[in-house]
Amino acid sequence: MAELRGSFGEARNHLLTRWFGTEDLHRLDVYESKAGGYTALRKALLDMKPAELVNEVKTSGLRGRGGAGFATGVKWSFINRDAPGPKYVVVNADESEPGTSKDRYIMENSPHMLLEGIMIAAYAVGANQAWVYIRGEYDGPHRMLVEAIAEARAKGYLGPKPMGVNYPLDIQLYRGHGAYICGEETALLESLEGKRAQPRSRPPFPAVKGAWGRPTLLNNVETLSTVPWIINNGGAAYVKFGTEKSPGTRLMSVSGNVRKPGVYEVELGQTFRHVIMELAGGPPDGRELKVFWPGGSSAPVLPASMLDTHTDMEALAAARSMGGSGGVIVMDDSHCVVKAAARLLRFYAHESCGKCTPCRVGSDWAVRTFDRILANEGSQVELGILERVADGLQNGRCLCGLGDSAGWVIDSTFRHFREEYEDHALRHTRARWWSRRPSSSASRSRSSATTTSSTRSAPAVSAWSSSPRDRRAHRQAARRRSPKEWW
Amino acid sequence: MADDEKTTDARPEHPTPLRGPDEGIPAHPKGKVPGVGADIAALATGLKTTLGEFFSPQVTLEYPEDKSPRSERYRGRHYLRRYENGLERCIGCELCAAACPVGCILVIAAENTEENRVSPGERYAKTYEINMLRCIFCGYCEDACPVQAIVLGPEYELSDTSREKFIYTKEKLLEPLPPDVQARLQSKAKET
Amino acid sequence: MVVKTLSPMAVQARADILEFELVNHPLDCPVCDKGGECPLQDFTFRHGYPTSRIDGPRLHFKKPIPLSENIALDRERCVLCYRCTRYYDEVAWEQELTVGQRGVQSFITSQFDQPLQSIFSGNIIDLCPVGALTSRVWRFESRPWDMTHTESICSKCAVGCNVNLWQRRGQLVRVTSRENDDIDEGWICDRGRFDYTDVNDPSRLRTPRINGAKATWADALATVSTGIKGKGAKLGISLPKDITNEEAFLFKRLLDGPLRGARVKMHGRTALPAPIAATLRIKDLDAARVIVIVASDTESDVPIVNLRIKKAASKRGARLIVIHPDGVDLDRDPNTIHIRNAPGSAAAEVRKLASHRLLKSAGGPIAILYGDGLGSEEMADLAKSCRDLADAVGGNVMPLYRATNERGAIEAGVAGWDPLDGIEALLSWGPPPTAGIPTSVKFMAAWDHLPRPENEKADVLLPATTFAQRQGSYTNLEGTVQFLRPPIEVVPPLKESWEVLVELGAALGLTLDYAGIFAIQRDAAAAIPALAALAQPPSPEPAPEPVLIGPAHP
């Protein structure tokens, strides 16, 4: 067991992470004997009816922890349990949001908690088969889940008669193919079916027509891992935590310029000041906090002045941001917001699946515009283009949220850091960043139709999570590439 | 009856009053009957003009030996231009034919191949014909051309001996431009 | 529900999306074959921003790339609407077309860069909203405004797909689909779309020839009539597969009169007998719960009916039962039940089907489609067994004729299936007989539009019109009579077929007193009940193009 970077141990708000840190918690026997594991499953299968389970989750007011924050109990109730034919539970463990690692924290520490949640959910919605779509890069968690599933199978919890109840249950793992888009629910289903991961148009929602055209319950890892606690202690107990509309706790993965980055379980309704300054220790010595992403890279940024925003979804919505996946990315004053936005846009442009025009073209256009601004070649025109691209990307013009997220990056940084953009684009007072633009003369001439050039794009090396050494290597690699290769 | 009158009244006045054959000639102002002196004065005025012109410098030209200067933008016969590397500019897009108000241009396009490259890009004009008998020299083709392939040159002496010769084929249209037109186009290209 | 299409937000959104589409779209409009009929052009004019802010380099790809012999792909122009790949997946059930890379770098590509094989590939040209997928046959032939088109019928098979025939300067330059939801739903196959260049062949026959020397029509027809008159069963006649109903009616008059007893062989016809009762309509396949396909590879026999079957299976949930010795493309539906019979035993297999559980509890209409197994089946038996099965399980049958106007020729009574051995005189109309010209032939008259080596020995050679010049009508395999509208004029000395038949009749001593096609159509409608629709041919004017209305750019 590696050193735990995050919450563990006894505390009022440690609903999920109470037993984290226990020696060999990933073993079934330890999970059962020390952490009281599988009591919720036993209770659900033996003592409760599926409708009661759904009601319990509804009572708890649990909201999805994947990003959209939809009420979990309501989602469960959308699936018609009595409809003939197979139904599925699909678990979204494709945690590819930059700055988010909470699902990994759960799967590495207590995989059985997730399995228990999946089994309860499957029983509640009438599914006999569950799929865990796990991010391809998550080698460790995958291995642990494989072992955990094998243990559960050997013990008979998974199989034809779990806990002696005649209700066959099975969980299969499916490793993702390394695309951000696969974390989007319908694209995940397409990928699971073996197709090109591109979002489907909704409606029909997965609850009606999901994997292989069957009703499918799609939940995040954290959401399902919370279910055993709710079944054990009752939905009413869960409501006592958090705010009225966003009850409970959630895991927040704090990263960036903080002294103690890690995954912290936070009662909803706490302020970000508490999360960043107290739990994560605040920015390093001598630096000031400048900006933070409250819910993963997809959430619109908030400036340091809004540190007292509460973590519940309503407060964040009022601050024109969102809770998202709970990844808090912190930047101190040594960083440039425009560069950060450009880097994020490059990520979105690279990860765009190519289905919807605004996201496919808009993010790429924004990247090129950012490149000009950062190369000190910007002007009012570039700012205008960015604003309009941001407009074109938002308001649900794409099938999934990726396009909106790319738009929010530009929109929110513009809203809070207009000055900085103008310094770059109009006054050219900021440092000239490395440019991946070809020489300006080549770009202006409308080259003839026969011109061809390489269409390779930059590899997705995250500048966030990697070490300074990695970042340096990444920058050097980028410089080594000839300009022609970029475009 | 009353209705008829109303409608007559309602008719608008004609903008210029209608006149009979002898009406409308203004009467001579009374008391000013012209005398003989006035007639002689009028004759002298006329002679002055004639004699003045007789001794003024000559402006007519002895065409065809002498030719009048033409405007830079004079629209005479058409030329098809080439790039400096010898490739034809025309891409066979037929926009000139589409713009032509009299339909005197015929373009049939074909595809460039590696072995037979006529113009840059994919497409070239296999056939390009202008019926000069129909052409009204409006210059719309020049405006429509996206690659500035067709220009109207300065020549206007296009008489010939048979109708067939007025169908200008691509070979004829591709004749080199007069040097002055060439120079003008190049300076124009530099401006833009 | 109220959908607001003119709200400021909607107008702005349209303009924004169009701007995005144009960011990487090359300014190829002058050289692009789609230019002039391009939805992207139209929408940009109507809904886009009036000025462009697009700058900087655009994405470049190698272009054009041949996707197949007939289709060129230009990836720069592609706006990635995924219509072509979706059509391939959902309509054609082919897996040849896919998308490579992701994001803005995505491009359409054929599977493993192999040329497209499907017979349905040409439809992606019509589907493409920009000039990314263009026809290589039509490539740079003309701009859309150069051409005029007529609404005609495809002459390649018995389905009778509706097509537009486009002409420029007396040449047939393009064939496109024309939507008729009762028959083709806007699809045509590659045979109909690309197989037309023979119309423009410069070596086409224009004047009649007697023993290789140019002659007048009167002389040529007199020679023909002396050569074929009174031969009885010694006269063989080869008919083209795309004979029109009117020609068939006139020809029947000749067969009943001066040419009585002649042996007639129609090109490409199946051995299917005339339908006994009303047969199934193509559009009825949509409602079928179970479709039984007997002894026919529908993909090559009746391609567009094949697409209807696929639609019924994949969109309407119909179950397919195929009786065929070999694999067919309908097997791509995993639920298809394929009964591989020994050739010639299809009728026995059909009889066994009566007790099949699917047919017993179909829960809806049953369609039974049968072909002739390329001649391997005993057709009278098979037709009867299919009809019996339909009566037993409560369905209807659809005989899958192959020759273009086979059903019309059967109704007119000229669709012969006689062997031509031992004949002394041969009138070869259309392409020469597939079995070759019998050696016993002493006099041969060929009536064809192309010079062919088989016709070199012909004593008389008559020039024929093509489907692009022919007036008349076809009866398709379901019995619908549809009218041909020729886009190209018949220029003398070429003569229309009905005119030639009338003059041939006169030379043979049979007065066929017709001055035009309408009189023939009226008489044919009165004489043959199945051709009653000929009495009222619809207006030849093409339907007006719908005009796009909408707000201008914001």
# chains A, B, ... in the order shown; residues from 1 in each chain; ligands from 1
>>> interface_residues(of="chain C", to="chain B", cutoff="9 Å", atoms="only C-alpha atoms", output="MDAnalysis selection string")
chainID C and resid 29:32 63:64 139:143 145:146
>>> interface_residues(of="chain C", to="chain A", cutoff="6 Å", atoms="only C-alpha atoms", output="list in words")
Asp16, Phe20, Gly56, Pro57, His60, Phe61, Arg102, Gly103 and Val104 of chain C
>>> select_by_dssp(residues="stretch 111-214 of chain C", states="strand (DSSP E)", output="list in words")
Leu133, Thr134, Ser135, Thr148, His149, Thr150, Glu151, Ser152, Ile153, Asn162, Val163, Asn164, Leu165, Trp166, Gln167, Arg168, Gln171, Leu172, Val173, Arg174, Val175, Thr176, Ser177, Arg209, Ile210, Ala213 and Lys214 of chain C
>>> residues_around(residues="stretch 81-88 of chain C", least_positions_apart="3", cutoff="7 Å", atoms="only C-alpha atoms", output="JSON, numbers by chain")
{"C": [91, 92, 93, 94, 95, 97, 98, 124, 127, 128]}
>>> write_last_selection(atoms="N, CA and C atoms", output="short mmCIF file (atom, residue, chain, number, x, y, z; two decimals), in the first residue's frame")
data_model
loop_
_atom_site.label_atom_id
_atom_site.label_comp_id
_atom_site.auth_asym_id
_atom_site.auth_seq_id
_atom_site.Cartn_x
_atom_site.Cartn_y
_atom_site.Cartn_z
N VAL C 91 -27.82 1.59 -44.25
CA VAL C 91 -28.66 1.31 -45.42
C VAL C 91 -28.06 0.18 -46.26
N ALA C 92 -26.77 0.30 -46.56
CA ALA C 92 -26.18 -0.66 -47.49
C ALA C 92 -25.61 -1.88 -46.78
N TRP C 93 -25.48 -1.82 -45.46
CA TRP C 93 -24.91 -2.93 -44.69
C TRP C 93 -23.53 -3.31 -45.20
N GLU C 94 -22.75 -2.33 -45.55
CA GLU C 94 -21.39 -2.61 -45.98
C GLU C 94 -20.46 -2.03 -44.93
N GLN C 95 -19.25 -2.52 -44.87
CA GLN C 95 -18.31 -2.01 -43.88
C GLN C 95 -17.08 -1.44 -44.54
N LEU C 97 -16.53 1.72 -45.63
CA LEU C 97 -16.23 3.14 -45.47
C LEU C 97 -16.19 3.46 -43.98
N THR C 98 -15.18 4.18 -43.57
CA THR C 98 -15.07 4.47 -42.15
C THR C 98 -14.34 5.80 -41.97
N ILE C 124 -23.41 7.60 -52.13
CA ILE C 124 -22.75 8.54 -51.24
C ILE C 124 -22.41 9.84 -51.96
N LEU C 127 -25.41 11.79 -51.43
CA LEU C 127 -25.59 12.13 -50.02
C LEU C 127 -24.64 13.22 -49.58
N CYS C 128 -23.46 13.27 -50.18
CA CYS C 128 -22.44 14.20 -49.72
C CYS C 128 -22.95 15.64 -49.89
#
>>> closest_residue(among="B:Pro120, B:Thr113, B:Gly52, B:Ala189", to="chain A", atoms="only C-alpha atoms")
B:Pro120
>>> select_by_dssp(residues="stretch 328-389 of chain C", states="helix (DSSP H, G or I)", output="count of residues only")
30
>>> residues_around(residues="A:Tyr38", least_positions_apart="6", cutoff="8 Å", atoms="only C-alpha atoms", output="number ranges by chain")
A: 32, 113, 116, 228
>>> residues_around(residues="C:Lys34", least_positions_apart="4", cutoff="7 Å", atoms="only C-alpha atoms", output="ChimeraX atom specification")
/C:38,130-131
>>> atom_distance(atom1="atom CA of C:Thr150", atom2="atom CA of C:Pro129")
22.2 Å
>>> atom_distance(atom1="atom CA of C:Ala295", atom2="atom CA of C:Gly395")
17.8 Å
>>> residues_around(residues="A:Asp411", least_positions_apart="6", cutoff="8 Å", atoms="only C-alpha atoms", output="ChimeraX atom specification")
/A:300,387,390-391
>>> decode(residues="stretch 127-162 of chain B", atoms="N, CA and C atoms", output="PDB file, in the first residue's frame")
ATOM      1  N   THR B 127     -11.518  22.837 -73.779  1.00  0.00           N
ATOM      2  CA  THR B 127     -11.986  23.679 -74.872  1.00  0.00           C
ATOM      3  C   THR B 127     -12.308  25.044 -74.302  1.00  0.00           C
ATOM      4  N   TYR B 128     -11.862  26.086 -74.963  1.00  0.00           N
ATOM      5  CA  TYR B 128     -12.257  27.426 -74.547  1.00  0.00           C
ATOM      6  C   TYR B 128     -12.518  28.215 -75.809  1.00  0.00           C
ATOM      7  N   GLU B 129     -13.757  28.559 -76.046  1.00  0.00           N
ATOM      8  CA  GLU B 129     -14.093  29.266 -77.285  1.00  0.00           C
ATOM      9  C   GLU B 129     -14.921  30.492 -76.966  1.00  0.00           C
ATOM     10  N   ILE B 130     -14.612  31.575 -77.682  1.00  0.00           N
ATOM     11  CA  ILE B 130     -15.432  32.780 -77.567  1.00  0.00           C
ATOM     12  C   ILE B 130     -15.938  33.125 -78.959  1.00  0.00           C
ATOM     13  N   ASN B 131     -17.231  33.302 -79.050  1.00  0.00           N
ATOM     14  CA  ASN B 131     -17.824  33.720 -80.307  1.00  0.00           C
ATOM     15  C   ASN B 131     -17.798  35.243 -80.353  1.00  0.00           C
ATOM     16  N   MET B 132     -16.843  35.787 -81.105  1.00  0.00           N
ATOM     17  CA  MET B 132     -16.632  37.223 -81.118  1.00  0.00           C
ATOM     18  C   MET B 132     -17.764  37.978 -81.801  1.00  0.00           C
ATOM     19  N   LEU B 133     -18.545  37.282 -82.604  1.00  0.00           N
ATOM     20  CA  LEU B 133     -19.665  37.961 -83.242  1.00  0.00           C
ATOM     21  C   LEU B 133     -20.766  38.251 -82.240  1.00  0.00           C
ATOM     22  N   ARG B 134     -20.809  37.442 -81.207  1.00  0.00           N
ATOM     23  CA  ARG B 134     -21.842  37.642 -80.196  1.00  0.00           C
ATOM     24  C   ARG B 134     -21.346  38.548 -79.081  1.00  0.00           C
ATOM     25  N   CYS B 135     -20.060  38.538 -78.846  1.00  0.00           N
ATOM     26  CA  CYS B 135     -19.514  39.219 -77.674  1.00  0.00           C
ATOM     27  C   CYS B 135     -19.860  40.702 -77.709  1.00  0.00           C
ATOM     28  N   ILE B 136     -20.257  41.236 -76.562  1.00  0.00           N
ATOM     29  CA  ILE B 136     -20.555  42.668 -76.489  1.00  0.00           C
ATOM     30  C   ILE B 136     -19.470  43.396 -75.720  1.00  0.00           C
ATOM     31  N   PHE B 137     -18.385  42.728 -75.396  1.00  0.00           N
ATOM     32  CA  PHE B 137     -17.222  43.346 -74.740  1.00  0.00           C
ATOM     33  C   PHE B 137     -17.601  44.067 -73.456  1.00  0.00           C
ATOM     34  N   CYS B 138     -18.436  43.411 -72.672  1.00  0.00           N
ATOM     35  CA  CYS B 138     -18.856  44.018 -71.417  1.00  0.00           C
ATOM     36  C   CYS B 138     -17.823  43.807 -70.327  1.00  0.00           C
ATOM     37  N   GLY B 139     -16.950  42.797 -70.489  1.00  0.00           N
ATOM     38  CA  GLY B 139     -15.904  42.580 -69.501  1.00  0.00           C
ATOM     39  C   GLY B 139     -16.356  41.835 -68.266  1.00  0.00           C
ATOM     40  N   TYR B 140     -17.581  41.304 -68.275  1.00  0.00           N
ATOM     41  CA  TYR B 140     -18.036  40.563 -67.106  1.00  0.00           C
ATOM     42  C   TYR B 140     -17.192  39.308 -66.884  1.00  0.00           C
ATOM     43  N   CYS B 141     -16.716  38.721 -67.985  1.00  0.00           N
ATOM     44  CA  CYS B 141     -15.913  37.509 -67.857  1.00  0.00           C
ATOM     45  C   CYS B 141     -14.645  37.807 -67.070  1.00  0.00           C
ATOM     46  N   GLU B 142     -14.058  38.965 -67.321  1.00  0.00           N
ATOM     47  CA  GLU B 142     -12.839  39.349 -66.619  1.00  0.00           C
ATOM     48  C   GLU B 142     -13.132  39.524 -65.129  1.00  0.00           C
ATOM     49  N   ASP B 143     -14.285  40.124 -64.828  1.00  0.00           N
ATOM     50  CA  ASP B 143     -14.657  40.310 -63.429  1.00  0.00           C
ATOM     51  C   ASP B 143     -14.916  38.973 -62.751  1.00  0.00           C
ATOM     52  N   ALA B 144     -15.528  38.045 -63.499  1.00  0.00           N
ATOM     53  CA  ALA B 144     -15.947  36.785 -62.874  1.00  0.00           C
ATOM     54  C   ALA B 144     -14.771  35.858 -62.628  1.00  0.00           C
ATOM     55  N   CYS B 145     -13.701  36.028 -63.370  1.00  0.00           N
ATOM     56  CA  CYS B 145     -12.634  35.034 -63.325  1.00  0.00           C
ATOM     57  C   CYS B 145     -11.955  35.012 -61.951  1.00  0.00           C
ATOM     58  N   PRO B 146     -11.940  33.867 -61.286  1.00  0.00           N
ATOM     59  CA  PRO B 146     -11.333  33.819 -59.958  1.00  0.00           C
ATOM     60  C   PRO B 146      -9.808  33.779 -59.998  1.00  0.00           C
ATOM     61  N   VAL B 147      -9.208  33.512 -61.141  1.00  0.00           N
ATOM     62  CA  VAL B 147      -7.746  33.415 -61.217  1.00  0.00           C
ATOM     63  C   VAL B 147      -7.162  34.441 -62.179  1.00  0.00           C
ATOM     64  N   GLN B 148      -7.939  35.441 -62.546  1.00  0.00           N
ATOM     65  CA  GLN B 148      -7.501  36.490 -63.484  1.00  0.00           C
ATOM     66  C   GLN B 148      -6.903  35.866 -64.751  1.00  0.00           C
ATOM     67  N   ALA B 149      -7.570  34.851 -65.263  1.00  0.00           N
ATOM     68  CA  ALA B 149      -7.043  34.193 -66.446  1.00  0.00           C
ATOM     69  C   ALA B 149      -7.436  34.934 -67.707  1.00  0.00           C
ATOM     70  N   ILE B 150      -8.644  35.448 -67.748  1.00  0.00           N
ATOM     71  CA  ILE B 150      -9.096  36.101 -68.971  1.00  0.00           C
ATOM     72  C   ILE B 150      -9.046  37.612 -68.771  1.00  0.00           C
ATOM     73  N   VAL B 151      -8.452  38.298 -69.744  1.00  0.00           N
ATOM     74  CA  VAL B 151      -8.453  39.758 -69.707  1.00  0.00           C
ATOM     75  C   VAL B 151      -8.870  40.266 -71.084  1.00  0.00           C
ATOM     76  N   LEU B 152      -9.408  41.472 -71.098  1.00  0.00           N
ATOM     77  CA  LEU B 152      -9.781  42.074 -72.360  1.00  0.00           C
ATOM     78  C   LEU B 152      -8.669  43.034 -72.762  1.00  0.00           C
ATOM     79  N   GLY B 153      -8.094  42.770 -73.912  1.00  0.00           N
ATOM     80  CA  GLY B 153      -6.958  43.556 -74.369  1.00  0.00           C
ATOM     81  C   GLY B 153      -7.391  44.793 -75.124  1.00  0.00           C
ATOM     82  N   PRO B 154      -6.441  45.512 -75.713  1.00  0.00           N
ATOM     83  CA  PRO B 154      -6.756  46.792 -76.359  1.00  0.00           C
ATOM     84  C   PRO B 154      -7.224  46.676 -77.811  1.00  0.00           C
ATOM     85  N   GLU B 155      -7.054  45.521 -78.467  1.00  0.00           N
ATOM     86  CA  GLU B 155      -7.368  45.479 -79.898  1.00  0.00           C
ATOM     87  C   GLU B 155      -8.861  45.562 -80.167  1.00  0.00           C
ATOM     88  N   TYR B 156      -9.206  46.371 -81.152  1.00  0.00           N
ATOM     89  CA  TYR B 156     -10.608  46.449 -81.547  1.00  0.00           C
ATOM     90  C   TYR B 156     -10.793  46.180 -83.028  1.00  0.00           C
ATOM     91  N   GLU B 157      -9.702  46.017 -83.755  1.00  0.00           N
ATOM     92  CA  GLU B 157      -9.836  45.755 -85.199  1.00  0.00           C
ATOM     93  C   GLU B 157      -9.920  44.266 -85.401  1.00  0.00           C
ATOM     94  N   LEU B 158     -11.152  43.755 -85.336  1.00  0.00           N
ATOM     95  CA  LEU B 158     -11.308  42.307 -85.320  1.00  0.00           C
ATOM     96  C   LEU B 158     -12.007  41.805 -86.575  1.00  0.00           C
ATOM     97  N   SER B 159     -12.018  42.642 -87.619  1.00  0.00           N
ATOM     98  CA  SER B 159     -12.743  42.204 -88.810  1.00  0.00           C
ATOM     99  C   SER B 159     -12.042  41.007 -89.439  1.00  0.00           C
ATOM    100  N   ASP B 160     -12.835  40.179 -90.065  1.00  0.00           N
ATOM    101  CA  ASP B 160     -12.265  38.991 -90.691  1.00  0.00           C
ATOM    102  C   ASP B 160     -13.135  38.572 -91.854  1.00  0.00           C
ATOM    103  N   THR B 161     -12.741  37.512 -92.508  1.00  0.00           N
ATOM    104  CA  THR B 161     -13.387  37.197 -93.777  1.00  0.00           C
ATOM    105  C   THR B 161     -14.399  36.069 -93.711  1.00  0.00           C
ATOM    106  N   SER B 162     -14.451  35.363 -92.598  1.00  0.00           N
ATOM    107  CA  SER B 162     -15.477  34.325 -92.528  1.00  0.00           C
ATOM    108  C   SER B 162     -15.995  34.221 -91.094  1.00  0.00           C
TER     109      SER B 162
END
